[in-house]
>>> print(open('structure.txt').read())   # compact mmCIF, C-alpha atoms and all ligand atoms
# COMPACT_ATOMS: atom_id res chain seq x y z
CA MET I 1 111.60 99.71 86.09
CA ARG I 2 108.96 98.03 88.29
CA SER I 3 107.90 98.28 91.90
CA ILE I 4 105.38 96.51 94.13
CA PHE I 5 104.47 99.97 95.51
CA ALA I 6 102.07 102.54 94.07
CA ARG I 7 103.45 105.31 91.87
CA GLY I 8 103.51 108.60 93.74
CA LEU I 9 104.33 107.03 97.14
CA PHE I 10 107.32 109.38 97.49
CA GLU I 11 105.89 112.37 95.61
CA ARG I 12 107.40 115.68 96.84
CA GLN I 13 109.95 113.78 98.95
CA VAL I 14 113.74 113.89 98.78
CA ALA I 15 115.87 110.81 99.40
CA ILE I 16 119.61 110.53 99.89
CA VAL I 17 121.11 107.12 99.01
CA THR I 18 124.77 106.68 99.92
CA GLY I 19 126.60 104.26 97.67
CA GLY I 20 123.80 104.87 95.17
CA GLY I 21 126.12 104.45 92.19
CA SER I 22 125.87 100.65 92.10
CA GLY I 23 124.22 97.48 93.37
CA ILE I 24 121.65 97.66 96.14
CA GLY I 25 122.01 101.45 96.44
CA LEU I 26 121.31 101.99 92.75
CA ALA I 27 118.31 99.63 92.92
CA CYS I 28 116.94 101.74 95.81
CA ALA I 29 117.58 105.01 94.00
CA ARG I 30 115.79 103.73 90.89
CA GLU I 31 112.78 102.49 92.86
CA LEU I 32 112.52 105.66 94.97
CA ALA I 33 112.74 107.83 91.85
CA TYR I 34 110.15 105.65 90.06
CA LEU I 35 107.85 106.21 93.04
CA GLY I 36 108.22 109.98 92.74
CA ALA I 37 111.16 110.93 94.98
CA LYS I 38 113.88 113.35 94.05
CA VAL I 39 117.08 111.40 94.68
CA ALA I 40 120.60 112.38 95.73
CA LEU I 41 123.32 109.77 95.31
CA CYS I 42 126.87 109.76 96.55
CA GLY I 43 129.89 107.51 96.34
CA ARG I 44 133.63 107.91 95.99
CA ARG I 45 133.89 107.38 92.23
CA ALA I 46 132.48 110.00 89.89
CA ASP I 47 132.36 107.57 86.92
CA LYS I 48 130.00 105.20 88.77
CA LEU I 49 127.78 108.11 89.76
CA GLU I 50 127.64 109.39 86.19
CA ALA I 51 126.64 105.92 84.97
CA ALA I 52 123.96 105.74 87.68
CA ALA I 53 122.58 109.14 86.66
CA SER I 54 122.38 107.88 83.05
CA THR I 55 120.51 104.78 84.22
CA LEU I 56 117.98 106.99 86.03
CA ALA I 57 117.64 109.16 82.93
CA GLY I 58 117.00 105.94 80.95
CA ASP I 59 114.20 105.14 83.42
CA GLY I 60 112.61 108.46 82.47
CA VAL I 61 113.55 110.35 85.65
CA PRO I 62 113.94 114.08 84.86
CA GLY I 63 117.54 115.28 85.28
CA ASP I 64 116.37 118.01 87.64
CA ASP I 65 115.16 115.34 90.08
CA VAL I 66 118.60 113.75 90.43
CA LEU I 67 121.77 114.88 92.13
CA ALA I 68 124.79 112.57 91.89
CA ALA I 69 127.93 113.89 93.56
CA PRO I 70 131.12 112.35 94.92
CA CYS I 71 131.38 112.15 98.71
CA ASP I 72 133.49 109.80 100.82
CA ILE I 73 131.37 109.09 103.88
CA ARG I 74 134.53 108.64 105.95
CA GLU I 75 135.22 112.37 105.66
CA PRO I 76 132.92 114.64 107.71
CA GLU I 77 133.86 117.72 105.62
CA GLN I 78 132.82 115.94 102.42
CA ILE I 79 129.55 114.91 104.06
CA ALA I 80 128.85 118.50 105.13
CA ALA I 81 129.49 119.70 101.57
CA PHE I 82 127.31 116.97 100.04
CA VAL I 83 124.38 117.55 102.40
CA GLY I 84 124.73 121.30 101.68
CA GLN I 85 124.49 120.55 97.94
CA VAL I 86 121.36 118.43 98.47
CA LEU I 87 119.67 121.09 100.59
CA GLY I 88 120.73 123.79 98.12
CA LYS I 89 119.13 121.89 95.22
CA PHE I 90 116.11 120.25 96.83
CA GLY I 91 115.58 122.17 100.11
CA ARG I 92 114.73 119.17 102.29
CA VAL I 93 115.61 115.54 103.09
CA ASP I 94 112.82 113.09 103.95
CA VAL I 95 114.69 109.80 103.54
CA LEU I 96 118.27 108.73 104.18
CA VAL I 97 119.43 105.29 103.04
CA ASN I 98 122.85 104.61 104.55
CA ASN I 99 123.89 101.93 102.07
CA ALA I 100 127.56 102.75 101.34
CA GLY I 101 129.97 100.25 102.84
CA GLY I 102 132.37 97.43 102.24
CA GLN I 103 135.46 95.72 103.55
CA PHE I 104 138.08 93.14 102.58
CA PRO I 105 138.55 89.55 103.75
CA SER I 106 141.34 88.90 106.25
CA PRO I 107 141.99 86.61 109.20
CA ALA I 108 141.58 88.75 112.33
CA SER I 109 145.16 88.05 113.45
CA GLU I 110 146.49 89.58 110.19
CA LEU I 111 144.50 92.80 110.42
CA THR I 112 146.71 95.87 110.85
CA PRO I 113 145.48 98.87 112.86
CA LYS I 114 145.21 100.79 109.58
CA GLY I 115 143.14 98.03 107.95
CA TRP I 116 140.83 97.72 110.97
CA GLU I 117 140.34 101.47 111.06
CA ALA I 118 139.68 101.70 107.32
CA VAL I 119 136.77 99.28 107.62
CA VAL I 120 135.33 100.67 110.85
CA ARG I 121 135.48 104.17 109.36
CA ASN I 122 133.86 102.94 106.15
CA ASN I 123 130.93 101.21 107.80
CA LEU I 124 130.33 102.55 111.31
CA ASN I 125 131.81 106.06 111.42
CA GLY I 126 130.62 106.98 107.93
CA THR I 127 127.07 105.88 108.71
CA PHE I 128 127.02 107.90 111.92
CA PHE I 129 128.59 111.02 110.40
CA MET I 130 126.08 111.07 107.52
CA THR I 131 123.14 110.37 109.83
CA ARG I 132 124.15 113.10 112.25
CA GLU I 133 124.58 115.68 109.49
CA VAL I 134 121.25 114.92 107.82
CA ALA I 135 119.43 114.79 111.15
CA ARG I 136 120.83 118.11 112.40
CA ARG I 137 120.39 120.05 109.18
CA ALA I 138 117.17 118.59 107.77
CA MET I 139 115.22 115.99 109.74
CA LEU I 140 115.35 117.35 113.30
CA PRO I 141 114.36 120.90 112.27
CA ALA I 142 111.51 119.44 110.15
CA ARG I 143 110.53 116.99 112.92
CA ARG I 144 110.28 114.35 110.19
CA GLY I 145 112.48 111.72 108.60
CA ARG I 146 113.03 108.05 107.85
CA ILE I 147 116.45 106.47 107.93
CA VAL I 148 117.34 102.97 106.75
CA ASN I 149 120.79 101.58 107.48
CA VAL I 150 122.03 98.77 105.25
CA THR I 151 124.26 96.50 107.34
CA ALA I 152 125.11 92.82 106.82
CA SER I 153 123.99 89.58 108.36
CA VAL I 154 126.25 89.39 111.43
CA SER I 155 124.19 87.58 114.05
CA ARG I 156 126.65 84.64 114.01
CA GLY I 157 129.67 86.95 113.98
CA PHE I 158 131.60 87.44 110.73
CA PRO I 159 134.62 85.09 110.89
CA GLY I 160 137.08 86.01 108.14
CA MET I 161 135.87 89.64 108.19
CA ALA I 162 135.81 90.48 111.92
CA HIS I 163 136.30 94.20 111.31
CA THR I 164 133.13 94.54 109.30
CA GLY I 165 131.20 92.26 111.66
CA ALA I 166 132.07 94.55 114.56
CA ALA I 167 131.28 97.69 112.57
CA ARG I 168 127.92 96.36 111.32
CA ALA I 169 126.95 95.22 114.81
CA GLY I 170 127.80 98.77 115.88
CA VAL I 171 125.43 100.14 113.24
CA GLU I 172 122.66 97.82 114.44
CA ASN I 173 123.10 99.08 118.00
CA LEU I 174 123.27 102.70 116.79
CA THR I 175 119.97 102.08 114.99
CA ARG I 176 118.32 101.07 118.26
CA SER I 177 119.77 103.99 120.24
CA LEU I 178 118.73 106.62 117.69
CA ALA I 179 115.28 105.06 117.30
CA VAL I 180 114.66 105.86 120.96
CA GLU I 181 116.42 109.24 121.06
CA TRP I 182 114.57 110.48 118.00
CA ALA I 183 111.19 108.72 118.36
CA ALA I 184 109.49 111.80 119.76
CA LEU I 185 111.17 114.00 117.16
CA GLY I 186 109.47 112.45 114.13
CA ILE I 187 112.37 110.33 112.93
CA ARG I 188 112.11 106.57 112.46
CA ILE I 189 115.25 104.53 111.89
CA ASN I 190 115.59 100.87 110.97
CA ALA I 191 118.19 98.56 109.49
CA VAL I 192 118.21 95.97 106.71
CA ALA I 193 120.82 93.22 106.85
CA PRO I 194 121.43 91.44 103.53
CA GLY I 195 122.95 87.97 103.61
CA SER I 196 126.10 87.27 101.61
CA ASN I 197 123.76 85.74 99.02
CA ILE I 198 122.71 88.83 97.08
CA ARG I 199 124.09 88.80 93.52
CA SER I 200 125.31 92.37 93.08
CA SER I 201 128.22 94.48 91.89
CA GLY I 202 129.44 94.14 95.50
CA THR I 203 129.47 90.37 95.85
CA SER I 204 130.87 89.92 92.33
CA GLN I 205 134.13 91.27 93.80
CA TYR I 206 134.32 88.13 95.95
CA GLY I 207 134.08 85.70 93.03
CA ASP I 208 131.64 83.07 91.82
CA GLU I 209 133.02 80.34 94.06
CA LEU I 210 132.11 82.19 97.27
CA LEU I 211 128.72 83.10 95.85
CA GLU I 212 128.05 79.44 95.04
CA LEU I 213 129.04 78.50 98.61
CA ALA I 214 126.63 81.14 99.88
CA ARG I 215 123.87 79.82 97.63
CA ARG I 216 124.35 76.28 98.88
CA ALA I 217 124.24 77.49 102.49
CA THR I 218 120.94 79.27 101.88
CA PRO I 219 117.83 77.32 102.87
CA LEU I 220 115.92 78.91 99.96
CA LYS I 221 118.72 77.61 97.67
CA ARG I 222 119.11 80.61 95.46
CA LEU I 223 120.75 84.01 95.32
CA ALA I 224 118.66 87.16 95.58
CA THR I 225 118.65 90.31 93.47
CA PRO I 226 119.40 93.85 94.67
CA GLU I 227 115.74 94.67 93.93
CA GLU I 228 114.62 92.08 96.51
CA VAL I 229 116.60 94.05 99.10
CA SER I 230 115.53 97.47 97.88
CA ARG I 231 111.81 96.75 98.20
CA LEU I 232 112.18 96.25 101.97
CA ILE I 233 114.34 99.36 102.25
CA VAL I 234 111.75 101.33 100.28
CA PHE I 235 108.92 100.09 102.50
CA LEU I 236 110.81 101.07 105.67
CA ALA I 237 111.58 104.48 104.13
CA SER I 238 107.94 105.13 103.28
CA ASP I 239 105.10 106.70 105.20
CA GLN I 240 103.36 103.31 104.99
CA ASN I 241 105.77 102.19 107.70
CA ASP I 242 104.24 104.08 110.59
CA PHE I 243 104.91 101.81 113.59
CA ILE I 244 108.33 100.29 113.00
CA THR I 245 111.45 101.83 114.45
CA GLY I 246 114.70 100.44 115.88
CA ALA I 247 114.26 97.13 114.05
CA VAL I 248 116.80 95.09 112.08
CA TYR I 249 115.43 92.92 109.27
CA GLY I 250 117.38 90.23 107.42
CA VAL I 251 116.99 89.68 103.69
CA ASP I 252 118.92 86.44 103.51
CA GLY I 253 116.81 83.43 102.47
CA GLY I 254 117.20 82.00 106.00
CA GLN I 255 120.99 81.94 105.71
CA PRO I 256 121.85 82.84 109.33
CA LEU I 257 119.89 79.82 110.57
CA TRP I 258 121.87 77.05 108.89
CA GLY I 259 125.01 76.03 107.03
CA ASP I 260 128.60 77.21 106.51
CA ILE I 261 128.57 80.39 104.51
CA TRP I 262 132.22 80.19 103.46
CA SER I 263 135.31 78.14 104.28
CA ILE I 264 137.29 79.13 107.31
CA PRO I 265 139.39 76.78 109.45
CA GLU I 266 137.16 74.66 111.69
CA PRO I 267 137.60 75.43 115.39
CA ASP I 268 138.59 71.74 115.96
CA GLY I 269 140.57 70.76 119.06
CA ALA I 270 140.10 74.14 120.70
CA PRO I 271 142.29 74.27 123.84
CA GLY I 272 139.24 74.91 126.06
CA ALA I 273 137.63 71.58 125.13
CA PRO I 274 137.57 68.96 127.94
CA PRO I 275 140.06 66.04 127.34
CA ASP I 276 137.39 63.47 126.44
CA VAL I 277 136.07 65.55 123.54
CA LYS I 278 139.45 66.83 122.25
CA GLY I 279 140.23 65.26 118.87
C1 LIG O 301 137.96 83.13 104.28
C2 LIG O 301 136.81 84.01 104.64
C3 LIG O 301 136.50 84.95 103.55
C4 LIG O 301 135.21 85.60 103.77
C5 LIG O 301 134.75 86.19 102.48
C6 LIG O 301 133.30 86.40 102.49
C7 LIG O 301 132.84 86.95 101.15
C8 LIG O 301 131.39 87.17 101.07
C9 LIG O 301 131.00 88.48 101.73
C10 LIG O 301 129.82 88.98 101.13
C11 LIG O 301 129.08 89.92 102.03
C12 LIG O 301 129.44 91.32 101.84
C13 LIG O 301 129.22 91.93 100.68
C14 LIG O 301 129.57 93.31 100.53
O1 LIG O 301 129.97 94.00 101.42
S1 LIG O 301 129.33 94.00 99.01
C15 LIG O 301 130.43 95.42 98.95
C16 LIG O 301 131.67 94.97 98.28
N1 LIG O 301 132.70 95.92 98.20
C17 LIG O 301 133.71 95.83 98.99
O2 LIG O 301 133.69 95.10 99.94
C18 LIG O 301 134.91 96.67 98.69
C19 LIG O 301 134.96 97.75 99.69
N2 LIG O 301 136.31 97.97 100.10
C20 LIG O 301 136.81 99.17 100.07
O3 LIG O 301 136.16 100.09 99.62
C21 LIG O 301 138.19 99.35 100.60
O4 LIG O 301 138.88 98.14 100.61
C22 LIG O 301 138.20 99.90 102.05
C23 LIG O 301 137.41 101.20 102.14
C24 LIG O 301 137.58 98.90 103.03
C25 LIG O 301 139.62 100.17 102.44
O5 LIG O 301 140.13 101.04 101.46
P1 LIG O 301 141.14 102.22 101.79
O6 LIG O 301 141.34 102.97 100.54
O7 LIG O 301 140.77 102.99 102.98
O8 LIG O 301 142.30 101.39 102.22
P2 LIG O 301 143.77 101.66 102.05
O9 LIG O 301 144.18 101.28 100.67
O10 LIG O 301 144.09 103.04 102.53
O11 LIG O 301 144.33 100.61 103.07
C26 LIG O 301 144.21 100.78 104.48
C27 LIG O 301 144.67 99.48 105.11
O12 LIG O 301 143.64 98.52 104.90
C28 LIG O 301 144.25 97.26 104.61
N3 LIG O 301 143.69 96.80 103.35
C29 LIG O 301 143.02 97.52 102.46
N4 LIG O 301 142.59 96.75 101.46
C30 LIG O 301 143.00 95.51 101.73
C31 LIG O 301 142.85 94.23 101.08
N5 LIG O 301 142.18 94.11 99.93
N6 LIG O 301 143.40 93.15 101.66
C32 LIG O 301 144.07 93.24 102.83
N7 LIG O 301 144.26 94.42 103.49
C33 LIG O 301 143.72 95.52 102.94
C34 LIG O 301 145.71 97.43 104.62
O13 LIG O 301 146.15 97.05 105.89
C35 LIG O 301 145.90 98.89 104.46
O14 LIG O 301 147.01 99.31 105.19
P3 LIG O 301 148.44 99.39 104.48
O15 LIG O 301 148.28 100.34 103.35
O16 LIG O 301 149.32 99.87 105.57
O17 LIG O 301 148.75 98.01 104.05
N1 LIG O 302 125.52 92.21 98.16
C1 LIG O 302 125.54 91.55 99.30
O1 LIG O 302 125.34 90.33 99.32
C2 LIG O 302 125.76 92.26 100.58
C3 LIG O 302 125.93 93.63 100.68
N2 LIG O 302 126.10 94.21 101.91
C4 LIG O 302 126.22 95.66 102.05
O2 LIG O 302 125.21 96.29 101.29
C5 LIG O 302 125.69 97.55 100.82
C6 LIG O 302 125.56 97.62 99.31
O3 LIG O 302 126.35 96.58 98.75
P1 LIG O 302 126.34 96.16 97.21
O4 LIG O 302 125.38 96.98 96.47
O5 LIG O 302 126.21 94.71 97.17
O6 LIG O 302 127.84 96.52 96.81
P2 LIG O 302 128.48 97.71 95.97
O7 LIG O 302 129.94 97.56 96.12
O8 LIG O 302 127.90 97.74 94.61
O9 LIG O 302 127.95 98.98 96.73
C7 LIG O 302 128.65 99.68 97.70
C8 LIG O 302 128.56 101.15 97.33
O10 LIG O 302 129.08 101.91 98.41
C9 LIG O 302 129.93 102.92 97.87
N3 LIG O 302 130.93 103.21 98.89
C10 LIG O 302 131.77 102.34 99.49
N4 LIG O 302 132.54 102.99 100.38
C11 LIG O 302 132.17 104.30 100.33
C12 LIG O 302 132.58 105.47 101.01
N5 LIG O 302 133.57 105.44 101.90
N6 LIG O 302 131.96 106.64 100.73
C13 LIG O 302 130.96 106.68 99.81
N7 LIG O 302 130.53 105.61 99.14
C14 LIG O 302 131.13 104.44 99.40
C15 LIG O 302 130.50 102.32 96.59
O11 LIG O 302 130.80 103.32 95.64
P3 LIG O 302 132.30 103.84 95.37
O12 LIG O 302 133.14 102.65 95.15
O13 LIG O 302 132.15 104.76 94.21
O14 LIG O 302 132.65 104.59 96.62
C16 LIG O 302 129.34 101.47 96.10
O15 LIG O 302 128.53 102.21 95.21
C17 LIG O 302 127.13 97.67 101.31
O16 LIG O 302 127.16 98.32 102.54
C18 LIG O 302 127.51 96.20 101.47
O17 LIG O 302 128.61 96.03 102.31
C19 LIG O 302 126.11 93.48 103.03
C20 LIG O 302 125.97 92.13 102.99
C21 LIG O 302 125.81 91.43 101.76
>>> encode(input="structure.txt", output="structure tokens", more="lines below")
Ligand SMILES: CCCCCCCCCCC/C=C/C(=O)SCCNC(=O)CCNC(=O)[C@H](O)C(C)(C)COP(=O)(O)OP(=O)(O)OC[C@H]1O[C@@H](n2cnc3c(N)ncnc32)[C@H](O)[C@@H]1OP(=O)(O)O
Ligand SMILES: NC(=O)C1=CN([C@@H]2O[C@H](COP(=O)(O)OP(=O)(O)OC[C@H]3O[C@@H](n4cnc5c(N)ncnc54)[C@H](OP(=O)(O)O)[C@@H]3O)[C@@H](O)[C@H]2O)C=CC1
Amino acid sequence: MRSIFARGLFERQVAIVTGGGSGIGLACARELAYLGAKVALCGRRADKLEAAASTLAGDGVPGDDVLAAPCDIREPEQIAAFVGQVLGKFGRVDVLVNNAGGQFPSPASELTPKGWEAVVRNNLNGTFFMTREVARRAMLPARRGRIVNVTASVSRGFPGMAHTGAARAGVENLTRSLAVEWAALGIRINAVAPGSNIRSSGTSQYGDELLELARRATPLKRLATPEEVSRLIVFLASDQNDFITGAVYGVDGGQPLWGDIWSIPEPDGAPGAPPDVKG
């Protein structure tokens, strides 16, 4: 385990990382724990959480400094129980990393109401429910907290995954609203938007071909690691970030600025085009 930050940066602090059982979330949990935080991880699958807890133990993190418990962020009752467990064990929450999320590819016209709702609940509702619970029960009473929302790079829309594009844009806007509402209450909240070019347990589900397309469409011409995302999250979660709130930062190798990230039908011959430019 390595970090660009000094050991002890999160000493005596408690961090919740949703989706901490794999990928970017696990990289964050490992780095926060290495820097001295007590960490609480959640996800839907107990087996992933157990494996993550073993990884942390392998890093030398004492078992007493880790809580890994199942919690589906779409379910407010499960969130209440999880936050209760964290407060029962550690007594406080200084940092919340809202990293859990995901979706499935589908043309917008094929999305059923149930499919749309599943993705909006998974990314927008879940993030808000967890944030609200942690704020009300820990951060607002303590007048102190840092929240980092992990979204996705959606500044050009998200054709092929419109549901998640809309949900992530919602999280970005939520980040700005809460930054203002809670500025005077000691809570800072920012967002980190990874490109589709991070090689992780998440993107491996989309296959090597799409990852290679993403790499080619990245000006820096490579894929990034989860650790390259986690170091920005960790900075924003730290007390070294004392004047940044309501911001959204990309970690994307310049991807939103150029290139076709994946193949979708070209909007050729759109009916709105004037006759002389129609194909
Ligand atoms: C051509 C363009 C392609 C673009 C591809 C871009 C690829 C690069 C993107 C990279 C950037 C993003 C990276 C990441 O996000 S990493 C994280 C990766 N992990 C995931 O994305 C998986 C997360 N997904 C889930 O956890 C679940 O799928 C989800 C929670 C979203 C839904 O699960 P849930 O259990 O709630 O869903 P249900 O089974 O109850 O189904 C509800 C309805 O949802 C529809 N559905 C669900 N899954 C699919 C599917 N795979 N394909 C199509 N439709 C799906 C369906 O309508 C369900 O309703 P019905 O049961 O009535 O059919
Ligand atoms: N890697 C990339 O290039 C990109 C990633 N992102 C986003 O970054 C975040 C991390 O992704 P990454 O690490 O790559 O992928 P992973 O699939 O490894 O991580 C997602 C984590 O979220 C958990 N999770 C998903 N849904 C829920 C839920 N409803 N309740 C609780 N936990 C949940 C998963 O655990 P479990 O299955 O056990 O629930 C998993 O551990 C996600 O939000 C992802 O969408 C965005 C853009 C690009």
>>> atom_distance(input="structure.txt", atom1="atom C15 of ligand LIG 301 (chain O)", atom2="CA of Ala6 (chain I)")
29.6 Å
>>> residues_near_point(input="structure.txt", point="(130.4, 81.7, 94.5)", cutoff="12 Å", atoms="all atoms listed in the file", output="list in words")
Ser196, Asn197, Ile198, Arg199, Ser200, Thr203, Ser204, Gln205, Tyr206, Gly207, Asp208, Glu209, Leu210, Leu211, Glu212, Leu213, Ala214, Arg215, Arg216, Ala217, Arg222, Leu223, Ile261, Trp262 and Ser263 of chain I
>>> residues_near_point(input="structure.txt", point="(123.0, 114.0, 93.2)", cutoff="6 Å", atoms="all atoms listed in the file", output="list in words")
Ala40, Leu41, Val66, Leu67, Ala68 and Ala69 of chain I
>>> axis_aligned_box(input="structure.txt", around="ligand LIG 301 (chain O)", padding_each_side="8 Å", output="AutoDock Vina command-line options")
--center_x 139.2 --center_y 93.1 --center_z 102.0 --size_x 36.2 --size_y 35.9 --size_z 23.7
>>> residues_around(input="structure.txt", residues="Arg143 (chain I)", least_positions_apart="3", cutoff="6 Å", atoms="all atoms listed in the file", output="VMD selection string")
chain I and resid 139 to 140 185 to 186
>>> atom_distance(input="structure.txt", atom1="CA of Val119 (chain I)", atom2="CA of Ser106 (chain I)")
11.4 Å
>>> residues_near_ligand(input="structure.txt", ligand="ligand LIG 301 (chain O)", cutoff="6 Å", atoms="only C-alpha atoms and all ligand atoms", output="count of residues only")
17
>>> residues_near_ligand(input="structure.txt", ligand="ligand LIG 302 (chain O)", cutoff="6 Å", atoms="only C-alpha atoms and all ligand atoms", output="PyMOL selection string")
chain I and resi 18-25+43-45+48+71-74+99-102+122+150-152+194-203
>>> residues_around(input="structure.txt", residues="Val97 (chain I)", least_positions_apart="4", cutoff="10 Å", atoms="all atoms listed in the file", output="list in words")
Ala15, Ile16, Val17, Thr18, Gly19, Gly20, Gly25, Cys28, Ala29, Leu41, Thr127, Met130, Thr131, Arg146, Ile147, Val148, Asn149, Val150, Ile189, Asn190, Ala191, Ile233, Val234, Leu236 and Ala237 of chain I
>>> closest_residue(input="structure.txt", among="I:Asp268, I:Glu77, I:Asp239, I:Glu50", to="Val95 (chain I)", atoms="all atoms listed in the file")
I:Asp239
